[in-house]
Amino acid sequence: MAMKVKDVMTREPITVDPEAPLGTAMEVMRRKRIRHLPVVDDAGRLVGIITDRDLRQATFAPALAEHLSLQAQRRLRGLGQTLEDLRVKHAMTWVVVTTEPEAPIARAAVVMFERRIGSLPVVEDGKLVGILTERDLLVALAKEFPDTGIDQQGFLW
């Protein structure tokens, strides 16, 4: 029987509120050593995701302003927001590719590969129930082929 997303996903993932300061998301991701942070509302519904890539773009955009054209600099200044004022909702990805717990992990892996994304939030009845990451898939693969000698708690090389 093919493994399902629910068999390998990270349950009860760390989440963040869309109104949280961007610095809070950065600190949580750094401290927990994660690259994907689902954004949920008060009811636990997924409203977006913030990734390390989103954070890099939000952080470095002001620093790169001096290298932009005058028109682009004016547009950037027109935003009128400093990094301290930015909230998660200002930098997150709003349209999120998701999967369901019963999906085969092979299908989820293909979606991640084709979309070039590193995680899939797992949603059931509109609520976030987990997250499937590249690491989860690699651990599942290591379990499927145990003769590789991979330490599942350590490094893959």
# chains A, B, ... in the order shown; residues from 1 in each chain; ligands from 1

$ residues_around --residues "range 3-7 of chain A" --least-positions-apart "4" --cutoff "7 Å" --atoms "only C-alpha atoms" --output "PyMOL selection string"
chain A and resi 101-105

$ closest_residue --among "A:Val111, A:Val123, A:Leu55, A:Leu128" --to "Asp42 in chain A" --atoms "only C-alpha atoms"
A:Leu128

$ closest_residue --among "A:Ile14, A:Val95, A:Ala142, A:Ala2" --to "His36 in chain A" --atoms "only C-alpha atoms"
A:Ile14

$ atom_distance --atom1 "CA of Thr15 in chain A" --atom2 "CA of Leu141 in chain A"
25.9 Å

$ atom_distance --atom1 "CA of Ile34 in chain A" --atom2 "CA of Met9 in chain A"
14.2 Å

$ closest_residue --among "A:Asp136, A:Asp125, A:Glu144, A:Glu12" --to "Ala109 in chain A" --atoms "only C-alpha atoms"
A:Asp136

$ select_by_dssp --residues "range 4-41 of chain A" --states "strand (DSSP E)" --output "number ranges by chain"
A: 10-11, 36-40

$ write_last_selection --atoms "N, CA, C and O atoms" --output "compact mmCIF listing (two decimals), in the first residue's frame"
# COMPACT_ATOMS: atom_id res chain seq x y z
N THR A 10 4.69 16.43 9.09
CA THR A 10 4.94 16.97 10.41
C THR A 10 3.59 17.44 10.95
O THR A 10 2.95 18.30 10.35
N ARG A 11 3.19 16.83 12.05
CA ARG A 11 1.90 17.18 12.66
C ARG A 11 2.06 18.40 13.55
O ARG A 11 3.13 18.64 14.09
N HIS A 36 9.81 27.13 6.36
CA HIS A 36 8.44 27.36 5.93
C HIS A 36 7.56 27.51 7.16
O HIS A 36 7.55 26.63 8.02
N LEU A 37 6.82 28.58 7.21
CA LEU A 37 5.98 28.87 8.37
C LEU A 37 4.56 29.15 7.89
O LEU A 37 4.29 30.21 7.31
N PRO A 38 3.65 28.20 8.11
CA PRO A 38 2.26 28.44 7.71
C PRO A 38 1.67 29.62 8.48
O PRO A 38 1.95 29.80 9.67
N VAL A 39 0.85 30.40 7.80
CA VAL A 39 0.19 31.56 8.41
C VAL A 39 -1.28 31.18 8.56
O VAL A 39 -1.94 30.83 7.58
N VAL A 40 -1.77 31.22 9.81
CA VAL A 40 -3.14 30.82 10.08
C VAL A 40 -3.90 31.93 10.80
O VAL A 40 -3.31 32.74 11.50

$ atom_distance --atom1 "CA of His90 in chain A" --atom2 "CA of Leu132 in chain A"
24.1 Å

$ select_by_dssp --residues "range 5-64 of chain A" --states "alpha helix (DSSP H)" --output "ChimeraX atom specification"
/A:5-8,22-32,52-64

$ write_last_selection --atoms "C-alpha atoms" --output "compact mmCIF listing (two decimals), in the first residue's frame"
# COMPACT_ATOMS: atom_id res chain seq x y z
CA VAL A 5 0.90 12.28 3.35
CA LYS A 6 -0.57 11.71 6.84
CA ASP A 7 2.01 8.96 7.43
CA VAL A 8 5.02 11.22 6.95
CA LEU A 22 8.04 40.15 10.37
CA GLY A 23 10.89 40.06 12.88
CA THR A 24 8.95 37.54 14.96
CA ALA A 25 8.62 35.19 11.99
CA MET A 26 12.34 35.57 11.27
CA GLU A 27 13.24 34.76 14.88
CA VAL A 28 10.95 31.71 15.06
CA MET A 29 12.30 30.32 11.81
CA ARG A 30 15.91 30.91 12.89
CA ARG A 31 15.43 29.44 16.35
CA LYS A 32 13.45 26.39 15.18
CA ASP A 52 12.85 32.01 4.02
CA ARG A 53 12.70 33.31 0.44
CA ASP A 54 9.85 35.70 1.31
CA LEU A 55 11.85 36.97 4.28
CA ARG A 56 14.99 37.52 2.18
CA GLN A 57 13.03 39.53 -0.36
CA ALA A 58 11.39 41.68 2.31
CA THR A 59 14.66 42.22 4.15
CA PHE A 60 16.95 42.96 1.25
CA ALA A 61 14.62 45.06 -0.91
CA PRO A 62 15.34 48.28 1.03
CA ALA A 63 19.08 47.58 1.00
CA LEU A 64 19.04 47.15 -2.76

$ residues_around --residues "Thr93 in chain A" --least-positions-apart "5" --cutoff "7 Å" --atoms "only C-alpha atoms" --output "JSON list (two decimals) with N, CA, C and O atoms, in the first residue's frame"
[["chain", "number", "residue", "atom", "x", "y", "z"],
["A", 48, "GLY", "N", -2.00, 31.66, 4.38],
["A", 48, "GLY", "CA", -0.80, 31.92, 3.60],
["A", 48, "GLY", "C", 0.37, 31.12, 4.15],
["A", 48, "GLY", "O", 0.20, 30.28, 5.03],
["A", 49, "ILE", "N", 1.53, 31.42, 3.61],
["A", 49, "ILE", "CA", 2.76, 30.79, 4.10],
["A", 49, "ILE", "C", 3.88, 31.81, 3.94],
["A", 49, "ILE", "O", 3.88, 32.58, 2.97],
["A", 50, "ILE", "N", 4.77, 31.85, 4.90],
["A", 50, "ILE", "CA", 5.93, 32.71, 4.78],
["A", 50, "ILE", "C", 7.15, 31.80, 4.77],
["A", 50, "ILE", "O", 7.26, 30.88, 5.58]]

$ closest_residue --among "A:Met92, A:Thr51, A:Thr99, A:Asp17" --to "Pro121 in chain A" --atoms "only C-alpha atoms"
A:Thr99

$ closest_residue --among "A:Ala140, A:Asp147, A:Glu114, A:Ile131" --to "Pro13 in chain A" --atoms "only C-alpha atoms"
A:Ile131

$ closest_residue --among "A:Ala91, A:Ala106, A:Gly118, A:Val96" --to "Thr133 in chain A" --atoms "only C-alpha atoms"
A:Gly118

$ decode --residues "range 115-130 of chain A" --atoms "all heavy atoms" --output "compact mmCIF listing (two decimals), in the first residue's frame"
# COMPACT_ATOMS: atom_id res chain seq x y z
N ARG A 115 6.26 22.45 -8.98
CA ARG A 115 6.02 23.84 -8.57
C ARG A 115 7.27 24.50 -7.97
O ARG A 115 7.25 25.68 -7.65
CB ARG A 115 4.90 23.91 -7.53
CG ARG A 115 3.57 23.43 -8.03
CD ARG A 115 2.92 24.46 -8.95
NE ARG A 115 1.57 24.10 -9.29
CZ ARG A 115 0.49 24.69 -8.82
NH1 ARG A 115 0.59 25.68 -7.98
NH2 ARG A 115 -0.70 24.29 -9.19
N ARG A 116 8.32 23.69 -7.78
CA ARG A 116 9.58 24.18 -7.18
C ARG A 116 9.33 24.80 -5.81
O ARG A 116 9.76 25.92 -5.54
CB ARG A 116 10.27 25.17 -8.11
CG ARG A 116 10.71 24.53 -9.40
CD ARG A 116 11.35 25.55 -10.30
NE ARG A 116 11.72 24.93 -11.54
CZ ARG A 116 12.96 24.77 -11.96
NH1 ARG A 116 13.96 25.19 -11.24
NH2 ARG A 116 13.21 24.19 -13.11
N ILE A 117 8.62 24.04 -4.98
CA ILE A 117 8.35 24.48 -3.62
C ILE A 117 8.89 23.46 -2.63
O ILE A 117 8.95 22.27 -2.94
CB ILE A 117 6.84 24.75 -3.38
CG1 ILE A 117 6.00 23.53 -3.76
CG2 ILE A 117 6.39 25.98 -4.14
CD1 ILE A 117 4.51 23.70 -3.50
N GLY A 118 9.25 23.91 -1.46
CA GLY A 118 9.89 23.05 -0.47
C GLY A 118 8.96 22.47 0.57
O GLY A 118 9.39 21.69 1.41
N SER A 119 7.67 22.84 0.50
CA SER A 119 6.73 22.29 1.48
C SER A 119 5.31 22.38 0.95
O SER A 119 5.02 23.19 0.07
CB SER A 119 6.83 23.04 2.81
OG SER A 119 6.32 24.34 2.68
N LEU A 120 4.46 21.56 1.53
CA LEU A 120 3.03 21.60 1.24
C LEU A 120 2.28 21.59 2.56
O LEU A 120 2.35 20.62 3.31
CB LEU A 120 2.59 20.35 0.44
CG LEU A 120 2.94 20.27 -1.02
CD1 LEU A 120 2.54 18.90 -1.58
CD2 LEU A 120 2.25 21.37 -1.81
N PRO A 121 1.59 22.67 2.88
CA PRO A 121 0.71 22.61 4.05
C PRO A 121 -0.37 21.55 3.81
O PRO A 121 -0.86 21.39 2.69
CB PRO A 121 0.10 24.01 4.11
CG PRO A 121 1.11 24.88 3.41
CD PRO A 121 1.64 24.01 2.30
N VAL A 122 -0.70 20.82 4.87
CA VAL A 122 -1.70 19.76 4.78
C VAL A 122 -2.98 20.29 5.43
O VAL A 122 -2.99 20.67 6.60
CB VAL A 122 -1.21 18.47 5.48
CG1 VAL A 122 -2.24 17.35 5.32
CG2 VAL A 122 0.16 18.06 4.95
N VAL A 123 -4.05 20.33 4.63
CA VAL A 123 -5.31 20.94 5.06
C VAL A 123 -6.42 19.89 5.01
O VAL A 123 -6.52 19.11 4.06
CB VAL A 123 -5.66 22.14 4.16
CG1 VAL A 123 -6.99 22.75 4.56
CG2 VAL A 123 -4.55 23.18 4.20
N GLU A 124 -7.23 19.91 6.07
CA GLU A 124 -8.39 19.02 6.12
C GLU A 124 -9.58 19.83 6.64
O GLU A 124 -9.46 20.48 7.69
CB GLU A 124 -8.09 17.84 7.05
CG GLU A 124 -9.17 16.78 7.06
CD GLU A 124 -8.74 15.54 7.84
OE1 GLU A 124 -8.15 15.69 8.93
OE2 GLU A 124 -8.99 14.44 7.34
N ASP A 125 -10.66 19.81 5.90
CA ASP A 125 -11.85 20.59 6.27
C ASP A 125 -11.51 22.06 6.52
O ASP A 125 -12.01 22.69 7.45
CB ASP A 125 -12.54 20.00 7.50
CG ASP A 125 -13.05 18.59 7.27
OD1 ASP A 125 -13.49 18.30 6.13
OD2 ASP A 125 -12.99 17.78 8.20
N GLY A 126 -10.63 22.61 5.69
CA GLY A 126 -10.26 24.01 5.76
C GLY A 126 -9.26 24.37 6.84
O GLY A 126 -8.83 25.51 6.93
N LYS A 127 -8.86 23.41 7.67
CA LYS A 127 -7.94 23.68 8.77
C LYS A 127 -6.58 23.03 8.52
O LYS A 127 -6.49 21.94 7.97
CB LYS A 127 -8.50 23.16 10.08
CG LYS A 127 -9.82 23.77 10.42
CD LYS A 127 -9.83 24.31 11.80
CE LYS A 127 -11.16 25.00 12.02
NZ LYS A 127 -11.54 25.13 13.33
N LEU A 128 -5.55 23.72 8.96
CA LEU A 128 -4.20 23.20 8.85
C LEU A 128 -4.01 22.06 9.85
O LEU A 128 -4.26 22.23 11.04
CB LEU A 128 -3.19 24.31 9.14
CG LEU A 128 -1.73 23.92 9.04
CD1 LEU A 128 -1.33 23.71 7.58
CD2 LEU A 128 -0.84 24.99 9.68
N VAL A 129 -3.60 20.89 9.35
CA VAL A 129 -3.38 19.73 10.22
C VAL A 129 -1.93 19.26 10.20
O VAL A 129 -1.55 18.38 10.97
CB VAL A 129 -4.33 18.56 9.88
CG1 VAL A 129 -5.78 18.94 10.13
CG2 VAL A 129 -4.12 18.08 8.45
N GLY A 130 -1.14 19.81 9.30
CA GLY A 130 0.26 19.40 9.21
C GLY A 130 0.96 20.13 8.09
O GLY A 130 0.39 21.00 7.43
